[in-house]
$ cat work-v4.txt   # compact mmCIF, C-alpha atoms
# COMPACT_ATOMS: atom_id res chain seq x y z
CA MET A 1 0.00 0.00 0.00
CA ASN A 2 1.49 3.38 -0.99
CA ARG A 3 1.58 6.38 1.33
CA LYS A 4 -1.60 7.90 -0.09
CA LEU A 5 -3.62 4.73 0.47
CA ALA A 6 -2.16 4.43 3.94
CA GLY A 7 -3.37 7.94 4.64
CA ILE A 8 -6.82 7.06 3.34
CA ALA A 9 -6.94 4.03 5.63
CA ILE A 10 -6.23 6.29 8.62
CA ILE A 11 -8.97 8.71 7.55
CA LEU A 12 -11.34 5.79 7.07
CA ALA A 13 -11.05 4.81 10.70
CA ALA A 14 -12.33 8.26 11.69
CA VAL A 15 -15.12 8.56 9.15
CA VAL A 16 -18.57 8.54 10.76
CA ALA A 17 -21.17 8.96 8.05
CA ALA A 18 -24.70 7.72 7.36
CA PRO A 19 -24.77 4.98 4.69
CA CYS A 20 -26.87 4.33 1.64
CA ALA A 21 -30.25 2.68 2.08
CA ALA A 22 -30.79 -1.04 2.38
CA GLU A 23 -31.52 -2.83 -0.88
CA LYS A 24 -33.78 -5.80 -1.54
CA PRO A 25 -31.96 -8.71 0.12
CA ALA A 26 -29.42 -10.47 -2.05
CA LYS A 27 -28.43 -14.10 -1.60
CA LYS A 28 -27.10 -14.77 1.85
CA GLY A 29 -23.38 -15.25 2.26
CA PRO A 30 -20.86 -15.31 5.09
CA ALA A 31 -21.49 -12.64 7.66
CA ALA A 32 -19.31 -9.56 7.36
CA ALA A 33 -19.38 -6.10 8.84
CA PRO A 34 -21.08 -3.65 6.45
CA ALA A 35 -19.02 -0.79 5.19
CA GLY A 36 -19.82 2.71 6.37
CA GLY A 37 -21.21 4.88 3.59
CA VAL A 38 -21.52 8.49 2.57
CA ALA A 39 -24.31 10.70 3.88
CA VAL A 40 -27.13 11.15 1.40
CA THR A 41 -29.22 13.25 3.80
CA PRO A 42 -29.25 13.61 7.59
CA SER A 43 -31.93 10.88 7.74
CA ALA A 44 -30.20 8.36 5.45
CA PRO A 45 -31.20 4.72 6.13
CA ALA A 46 -28.98 1.83 7.23
CA ALA A 47 -26.26 0.41 5.01
CA PRO A 48 -26.82 -2.59 2.76
CA VAL A 49 -25.11 -5.72 4.03
CA ILE A 50 -21.89 -6.50 2.17
CA ALA A 51 -21.23 -10.21 2.48
CA ASN A 52 -17.89 -10.18 0.67
CA ALA A 53 -15.35 -8.78 3.14
CA GLU A 54 -12.76 -8.01 0.46
CA GLU A 55 -15.22 -6.03 -1.63
CA GLY A 56 -16.52 -4.35 1.49
CA GLN A 57 -13.00 -3.12 2.26
CA LYS A 58 -12.64 -1.83 -1.29
CA VAL A 59 -15.92 0.08 -1.00
CA ALA A 60 -14.76 1.58 2.29
CA GLU A 61 -11.57 2.82 0.64
CA ILE A 62 -13.57 4.46 -2.16
CA GLN A 63 -15.88 6.07 0.40
CA ALA A 64 -12.86 7.43 2.25
CA VAL A 65 -11.63 9.10 -0.95
CA LEU A 66 -14.96 10.90 -1.24
CA ALA A 67 -14.93 11.76 2.46
CA VAL A 68 -11.81 13.89 1.95
CA GLY A 69 -13.44 15.72 -0.98
CA GLU A 70 -11.76 13.92 -3.87
CA CYS A 71 -14.96 13.64 -5.91
CA ASP A 72 -13.44 12.91 -9.32
CA LYS A 73 -11.07 10.29 -7.92
CA ALA A 74 -13.93 8.65 -6.03
CA ILE A 75 -16.03 8.48 -9.20
CA GLU A 76 -13.15 7.00 -11.18
CA ALA A 77 -12.37 4.41 -8.50
CA ALA A 78 -16.06 3.52 -8.13
CA ASN A 79 -16.57 2.99 -11.86
CA THR A 80 -13.44 0.83 -12.02
CA PHE A 81 -14.62 -1.26 -9.06
CA LEU A 82 -18.07 -1.82 -10.59
CA LYS A 83 -16.50 -3.56 -13.59
CA THR A 84 -15.53 -6.52 -11.41
CA ALA A 85 -17.77 -6.24 -8.32
CA ARG A 86 -20.06 -9.18 -7.59
CA ASP A 87 -21.52 -8.43 -4.15
CA GLU A 88 -24.88 -6.66 -4.59
CA GLY A 89 -24.54 -4.73 -1.33
CA ALA A 90 -21.10 -3.51 -2.40
CA LYS A 91 -22.50 -2.44 -5.77
CA THR A 92 -25.29 -0.48 -4.13
CA GLU A 93 -22.86 1.37 -1.86
CA THR A 94 -20.68 2.13 -4.87
CA PHE A 95 -23.59 3.52 -6.88
CA CYS A 96 -24.33 5.68 -3.83
CA VAL A 97 -20.75 7.00 -3.81
CA ILE A 98 -21.02 7.96 -7.49
CA ALA A 99 -24.32 9.78 -6.99
CA GLU A 100 -23.01 11.60 -3.93
CA ALA A 101 -19.75 12.55 -5.63
CA TYR A 102 -21.51 14.15 -8.60
CA ARG A 103 -23.80 16.05 -6.21
CA LYS A 104 -20.92 17.20 -4.01
CA LYS A 105 -19.00 18.51 -7.04
CA GLY A 106 -22.09 20.36 -8.31
CA ASP A 107 -22.68 18.35 -11.50
CA TRP A 108 -26.46 18.31 -11.09
CA ARG A 109 -27.25 16.61 -14.41
CA GLN A 110 -24.87 13.71 -13.83
CA ALA A 111 -25.97 13.50 -10.18
CA ALA A 112 -29.64 13.21 -11.20
CA ALA A 113 -28.82 10.37 -13.59
CA ALA A 114 -26.68 8.64 -10.94
CA TYR A 115 -29.45 8.83 -8.35
CA GLN A 116 -31.85 7.32 -10.87
CA ARG A 117 -29.47 4.40 -11.38
CA LEU A 118 -29.22 4.02 -7.60
CA ARG A 119 -33.02 4.24 -7.30
CA ASP A 120 -33.50 1.43 -9.81
CA ARG A 121 -31.67 -1.01 -7.54
CA PHE A 122 -34.67 -0.98 -5.20
CA ASP A 123 -38.24 -2.20 -5.36
CA LYS A 124 -40.61 0.48 -6.69
CA ASN A 125 -42.75 0.24 -3.55
CA SER A 126 -39.83 0.74 -1.18
CA GLY A 127 -39.01 3.86 0.77
CA GLU A 128 -35.50 3.84 -0.69
CA TYR A 129 -36.86 4.00 -4.23
CA ALA A 130 -39.11 6.93 -3.27
CA LYS A 131 -36.28 8.82 -1.60
CA TYR A 132 -33.72 8.47 -4.38
CA ASP A 133 -36.40 9.21 -6.98
CA GLY A 134 -37.19 12.38 -5.05
CA ILE A 135 -33.53 13.43 -5.00
CA ALA A 136 -33.26 12.81 -8.75
CA GLU A 137 -36.39 14.91 -9.36
CA ILE A 138 -35.00 17.77 -7.28
CA LEU A 139 -31.66 17.71 -9.10
CA ARG A 140 -33.29 17.57 -12.54
CA GLY A 141 -35.26 20.70 -11.68
CA SER A 142 -32.30 22.58 -10.22
CA PRO A 143 -29.85 23.50 -12.99
CA ALA A 144 -28.18 26.03 -10.68
CA GLY A 145 -28.26 23.76 -7.64
CA ILE A 146 -31.11 25.76 -6.07
CA TYR A 147 -34.40 23.88 -5.69
CA GLN A 148 -37.42 25.89 -6.78
CA PRO A 149 -40.68 24.00 -6.05
CA PRO A 150 -43.48 24.72 -8.56
CA GLY A 151 -45.43 27.78 -7.41
CA ALA A 152 -43.08 28.56 -4.54
CA ALA A 153 -41.40 31.92 -3.95
CA PRO A 154 -37.93 32.06 -5.54
CA VAL A 155 -35.07 31.06 -3.27
CA LYS A 156 -31.92 33.14 -3.64
CA PRO A 157 -28.51 31.62 -2.97
CA ALA A 158 -26.67 32.87 0.09
CA ALA A 159 -23.64 35.16 -0.17
CA GLY A 160 -20.92 33.47 -2.14
CA GLY A 161 -23.41 31.00 -3.61
CA ALA A 162 -22.52 28.36 -1.01
CA GLN A 163 -26.06 27.19 -0.24
CA THR A 164 -26.62 24.69 -3.04
CA LEU A 165 -27.85 21.10 -3.15
CA ALA A 166 -24.27 19.96 -2.60
CA ASP A 167 -24.93 20.73 1.06
CA ASP A 168 -26.72 17.88 2.89
CA ALA A 169 -28.86 20.28 4.94
CA VAL A 170 -30.00 22.13 1.83
CA LEU A 171 -30.88 18.83 0.16
CA GLY A 172 -32.80 17.79 3.27
CA GLU A 173 -34.84 21.00 3.16
CA ALA A 174 -35.54 20.46 -0.54
CA LEU A 175 -36.74 16.92 0.14
CA THR A 176 -39.09 18.20 2.83
CA ARG A 177 -40.53 20.79 0.45
CA LEU A 178 -40.99 18.18 -2.28
CA ALA A 179 -42.67 15.75 0.14
CA GLY A 180 -44.89 18.58 1.40
CA LEU A 181 -46.07 19.38 -2.11
CA ARG A 182 -46.95 15.73 -2.74
CA GLY A 183 -48.74 15.48 0.60
CA ALA A 184 -50.79 18.62 -0.07
CA ARG A 185 -51.95 17.16 -3.38
CA MET A 186 -53.45 14.21 -1.51
CA LYS A 187 -56.36 16.40 -0.39
CA ALA A 188 -57.66 16.18 -3.93
CA ARG A 189 -58.01 12.41 -3.47
CA ILE A 190 -60.67 12.69 -0.76
CA THR A 191 -63.63 12.60 -3.15
CA THR A 192 -62.27 9.57 -4.99
CA VAL A 193 -61.36 7.66 -1.84
CA THR A 194 -64.69 8.23 -0.09
CA ARG A 195 -67.06 7.60 -2.97
CA GLY A 196 -67.14 3.84 -2.31
CA THR A 197 -70.55 2.45 -1.44
CA THR A 198 -69.24 -0.21 0.97
CA PRO A 199 -66.69 -0.06 3.79
CA GLN A 200 -64.57 -2.57 1.87
CA GLN A 201 -64.38 -0.28 -1.18
CA VAL A 202 -63.56 2.77 0.92
CA VAL A 203 -60.82 1.04 2.90
CA ALA A 204 -59.30 -0.54 -0.22
CA ALA A 205 -58.93 2.94 -1.71
CA PHE A 206 -57.60 4.27 1.60
CA LEU A 207 -54.90 1.58 1.77
CA THR A 208 -53.55 2.83 -1.55
CA VAL A 209 -53.41 6.38 -0.21
CA ALA A 210 -51.72 5.17 2.98
CA GLU A 211 -48.98 3.53 0.90
CA GLU A 212 -48.53 6.76 -1.05
CA ALA A 213 -48.24 8.67 2.23
CA LYS A 214 -45.64 6.17 3.40
CA GLN A 215 -43.60 6.96 0.29
CA ILE A 216 -43.89 10.68 1.02
CA TYR A 217 -42.58 10.21 4.56
CA SER A 218 -39.75 8.13 3.12
CA ILE A 219 -38.73 11.14 1.07
CA SER A 220 -38.74 13.24 4.23
CA PRO A 221 -39.88 12.24 7.73
CA GLU A 222 -40.44 15.96 8.34
CA ALA A 223 -43.00 16.28 5.54
CA PRO A 224 -46.19 18.17 6.50
CA THR A 225 -48.99 15.75 7.37
CA ASP A 226 -52.05 17.95 6.74
CA GLY A 227 -53.07 16.38 3.42
CA PRO A 228 -52.82 12.70 4.40
CA ARG A 229 -54.51 13.34 7.76
CA GLU A 230 -57.44 15.09 6.10
CA VAL A 231 -57.89 11.94 3.99
CA CYS A 232 -57.87 9.85 7.20
CA VAL A 233 -60.60 11.99 8.77
CA ALA A 234 -62.73 11.91 5.61
CA VAL A 235 -62.44 8.12 5.39
CA GLY A 236 -63.38 7.78 9.07
CA SER A 237 -66.49 9.90 8.50
CA ARG A 238 -67.48 7.83 5.47
CA LEU A 239 -67.04 4.57 7.39
CA GLN A 240 -69.12 5.97 10.22
CA ALA A 241 -71.98 6.82 7.88
CA LEU A 242 -71.83 3.50 6.03
CA GLY A 243 -71.55 1.61 9.32
CA ALA A 244 -74.65 3.27 10.78
CA ALA A 245 -76.69 2.29 7.72
CA LEU A 246 -75.32 -1.26 7.77
CA VAL A 247 -76.17 -1.78 11.44
CA VAL A 248 -79.80 -0.81 10.75
CA SER A 249 -79.94 -3.16 7.75
CA ILE A 250 -78.37 -6.08 9.62
CA ARG A 251 -80.66 -5.64 12.62
CA SER A 252 -83.66 -5.71 10.30
CA LYS A 253 -82.44 -8.99 8.85
CA ILE A 254 -81.93 -10.44 12.33
CA GLU A 255 -85.49 -9.53 13.32
CA LYS A 256 -86.79 -11.55 10.37
CA LEU A 257 -84.45 -14.50 10.74
CA GLN A 258 -84.03 -14.93 14.47
CA PRO A 259 -87.42 -16.58 15.19
CA LYS A 260 -86.62 -19.20 12.57
CA LEU A 261 -83.07 -19.68 13.75
CA MET A 262 -84.30 -20.57 17.21
CA SER A 263 -86.92 -23.03 16.05
CA TYR A 264 -86.37 -26.49 14.56
CA GLY A 265 -89.78 -26.48 12.90
CA LEU A 266 -89.45 -23.15 11.08
CA ILE A 267 -85.85 -23.05 9.86
CA THR A 268 -85.00 -23.94 6.27
CA ASN A 269 -81.79 -24.54 4.39
CA VAL A 270 -82.21 -21.11 2.79
CA ASP A 271 -82.40 -19.56 6.27
CA ILE A 272 -79.24 -21.40 7.34
CA ALA A 273 -77.36 -20.24 4.25
CA GLU A 274 -78.49 -16.65 4.80
CA SER A 275 -77.46 -16.78 8.45
CA ARG A 276 -74.00 -18.06 7.65
CA SER A 277 -73.60 -15.51 4.86
CA SER A 278 -74.56 -12.73 7.25
CA GLN A 279 -72.08 -13.93 9.85
CA ALA A 280 -69.33 -13.99 7.21
CA ALA A 281 -70.30 -10.47 6.11
CA CYS A 282 -70.04 -9.20 9.69
CA LYS A 283 -66.63 -10.84 10.05
CA ASP A 284 -65.50 -9.18 6.82
CA LEU A 285 -66.61 -5.81 8.16
CA VAL A 286 -64.57 -6.40 11.32
CA ASP A 287 -61.51 -7.30 9.23
CA THR A 288 -62.03 -4.18 7.11
CA GLU A 289 -62.12 -1.96 10.19
CA ARG A 290 -58.90 -3.52 11.48
CA LYS A 291 -57.20 -2.82 8.16
CA PHE A 292 -58.33 0.78 8.48
CA GLN A 293 -56.88 1.04 11.99
CA ARG A 294 -53.55 -0.47 10.96
CA ALA A 295 -53.26 1.98 8.05
CA LEU A 296 -54.05 5.09 10.10
CA PRO A 297 -50.56 5.65 11.55
CA THR A 298 -49.02 4.85 8.16
CA ALA A 299 -51.09 7.53 6.47
CA GLY A 300 -51.03 10.03 9.32
CA GLY A 301 -47.30 10.13 9.83
CA LYS A 302 -45.23 10.07 12.99
CA GLY A 303 -46.55 11.18 16.36
CA ASP A 304 -50.05 11.43 17.77
CA TRP A 305 -52.55 13.85 16.30
CA PRO A 306 -55.92 15.08 17.63
CA ASP A 307 -58.22 12.98 15.44
CA LEU A 308 -56.25 9.73 15.65
CA GLU A 309 -57.66 8.53 18.98
CA ARG A 310 -61.19 9.54 17.98
CA LEU A 311 -60.96 7.62 14.70
CA ARG A 312 -59.71 4.54 16.55
CA LYS A 313 -62.50 4.73 19.15
CA GLU A 314 -65.17 5.09 16.49
CA SER A 315 -63.71 2.16 14.57
CA ASN A 316 -63.61 0.02 17.72
CA ALA A 317 -67.25 0.87 18.37
CA ARG A 318 -68.17 -0.27 14.87
CA ILE A 319 -66.21 -3.48 15.39
CA ALA A 320 -68.12 -4.13 18.61
CA ASP A 321 -71.43 -3.58 16.79
CA TYR A 322 -70.51 -5.95 13.95
CA GLU A 323 -69.31 -8.66 16.35
CA GLN A 324 -72.44 -8.36 18.47
CA LEU A 325 -74.67 -8.57 15.40
CA SER A 326 -72.75 -11.56 14.10
CA SER A 327 -73.41 -13.46 17.32
CA GLN A 328 -77.16 -13.07 16.81
CA PHE A 329 -77.09 -15.16 13.65
CA ARG A 330 -76.37 -18.33 15.64
CA ILE A 331 -78.50 -21.29 14.69
CA SER A 332 -80.26 -23.14 17.52
CA THR A 333 -78.39 -26.28 18.60
CA TYR A 334 -81.72 -28.07 18.58
CA TYR A 335 -81.58 -28.04 14.81
CA TYR A 336 -78.63 -30.42 14.85
$ encode --input "work-v4.txt" --output "C-alpha cells"
Amino acid sequence: MNRKLAGIAIILAAVVAAPCAAEKPAKKGPAAAPAGGVAVTPSAPAAPVIANAEEGQKVAEIQAVLAVGECDKAIEAANTFLKTARDEGAKTETFCVIAEAYRKKGDWRQAAAAYQRLRDRFDKNSGEYAKYDGIAEILRGSPAGIYQPPGAAPVKPAAGGAQTLADDAVLGEALTRLAGLRGARMKARITTVTRGTTPQQVVAAFLTVAEEAKQIYSISPEAPTDGPREVCVAVGSRLQALGAALVVSIRSKIEKLQPKLMSYGLITNVDIAESRSSQAACKDLVDTERKFQRALPTAGGKGDWPDLERLRKESNARIADYEQLSSQFRISTYYY
C-alpha cells in the first residue's frame, strides 16, 4: 500500500457517516461487517449488508476518498470497481458513492442520472426507491443547484453561492418541500377515496393512499402531514356513515331471521345459508375496520394527532357492533 492509500486508511477509521439505504436482500453469504457509507441526507437509512469482506473493504476505501473531498477520484475508483464487483450490497454502496460525488461537485445533471441508477436497484414500492427518486427529481429541476418548487417563492442563494444542493442540509430542506407538495396534493383524493358504497371499497382505496403517504414520509420524515390526515378523517367519517346504515340493515335482517333460527320447525336450508352468509359479512366488516386502523398511523405520519384517537375509538365501536350482530345469527343447537 502506498503512502496515499495508507493515509486514506487512517482517515477511514475516523469517518462517521450515514450509509446508503438497504436494498432488496441479495443471496445470503458469510457474515461480514457492512461498510460505512456516505451521507445522502441527515436521515439516510442503514447500510446494505456487504457479504464479501474483500469487496466491502474496497468500498470503504472508495468512500474514504470521497470523504476527503476527492470527488473525481472517487467516481473513477467507483466505476473501475463496478466492472468486477459481484456483491450486490457492495455495488449499491458504490452507486451511492457515485451519486453523492456528482452532487458534491455540483454536476447536477450527472448527479440526477446517478441517483436514478441508484433508485432502480430498489423495489418500486420501497421507501429507498421513493427517496432516491425524489432526489433525482429535485436535481433535474435545479440547474443552478437551487431547488425551486413549482409555485413557490424564488429562493436566492446565500452570499458566495454556497447554499446549493451539494450541502446535505440544503438537500434535506428540498426533500421536505418536495414531500410537502406531494402530501398537499393528496387532499384532492378525498372525493375519490370516499365515494365507495361499501366499507370494503372505501378502505381498499384508503390503503392505496396510505402507501402513497408512506412513500412521502420516506422522502422526508419531516414532511407536513395535513393532506394525508385530512384523507384519514374523511375516510373515518365515510365509514361511520356507512356503518350506521349497515347496522340498521343487519338488525332488520336479524329480526326476520331470528325466530326461525331458534326453532327447529321453522328453519329452512335457505335460512341457514343466509345466516352463515350474514355472519361472514359481519366478520369481513370487522376485518375491514382492522385494516383501516392499521393503516391510520401509516397515512397520518409520525406522532399522535388530535383525530387519531377519535378515529380509533369510532372504529372500535363499529367493530363491537358488527361482532355483536354476528353473534345473533347463531342457529339453535336443537336443529342439529
$ residues_around --input "work-v4.txt" --residues "A:Pro297" --least-positions-apart "6" --cutoff "10 Å" --atoms "only C-alpha atoms" --output "ChimeraX atom specification"
/A:210,214,229,232,303-305,308
$ axis_aligned_box --input "work-v4.txt" --around "stretch 139-144 of chain A" --padding-each-side "5 Å" --output "lines of an AutoDock Vina configuration file"
center_x = -31.7
center_y = 21.8
center_z = -11.0
size_x = 17.1
size_y = 18.5
size_z = 13.9
$ closest_residue --input "work-v4.txt" --among "A:Ala213, A:Leu311, A:Cys96, A:Ala169" --to "A:Asp120" --atoms "all atoms listed in the file"
A:Cys96
$ residues_around --input "work-v4.txt" --residues "stretch 288-292 of chain A" --least-positions-apart "6" --cutoff "7 Å" --atoms "all atoms listed in the file" --output "list in words"
Gln200, Val203, Ser315 and Ile319 of chain A
$ atom_distance --input "work-v4.txt" --atom1 "atom CA of A:Phe206" --atom2 "atom CA of A:Glu137"
26.1 Å
$ closest_residue --input "work-v4.txt" --among "A:Pro228, A:Gly180, A:Pro259, A:Pro221" --to "A:Val209" --atoms "all atoms listed in the file"
A:Pro228
$ closest_atom_pairs --input "work-v4.txt" --of "stretch 102-169 of chain A" --to "stretch 76-92 of chain A" --cutoff "12 Å" --atoms "only C-alpha atoms" --output "tab-separated table"
residue	atom	partner	partner_atom	distance
A:Tyr102	CA	A:Glu76	CA	11.3
A:Ala114	CA	A:Thr92	CA	11.5
A:Tyr115	CA	A:Thr92	CA	11.0
A:Arg117	CA	A:Thr92	CA	9.7
A:Leu118	CA	A:Thr92	CA	6.9
A:Arg119	CA	A:Thr92	CA	9.6
A:Asp120	CA	A:Thr92	CA	10.2
A:Arg121	CA	A:Thr92	CA	7.3
A:Phe122	CA	A:Thr92	CA	9.5
A:Glu128	CA	A:Thr92	CA	11.6
$ atom_distance --input "work-v4.txt" --atom1 "atom CA of A:Gln279" --atom2 "atom CA of A:Glu309"
28.2 Å
$ residues_around --input "work-v4.txt" --residues "A:Arg276" --least-positions-apart "4" --cutoff "9 Å" --atoms "all atoms listed in the file" --output "number ranges by chain"
A: 271-272, 280-281, 329-331
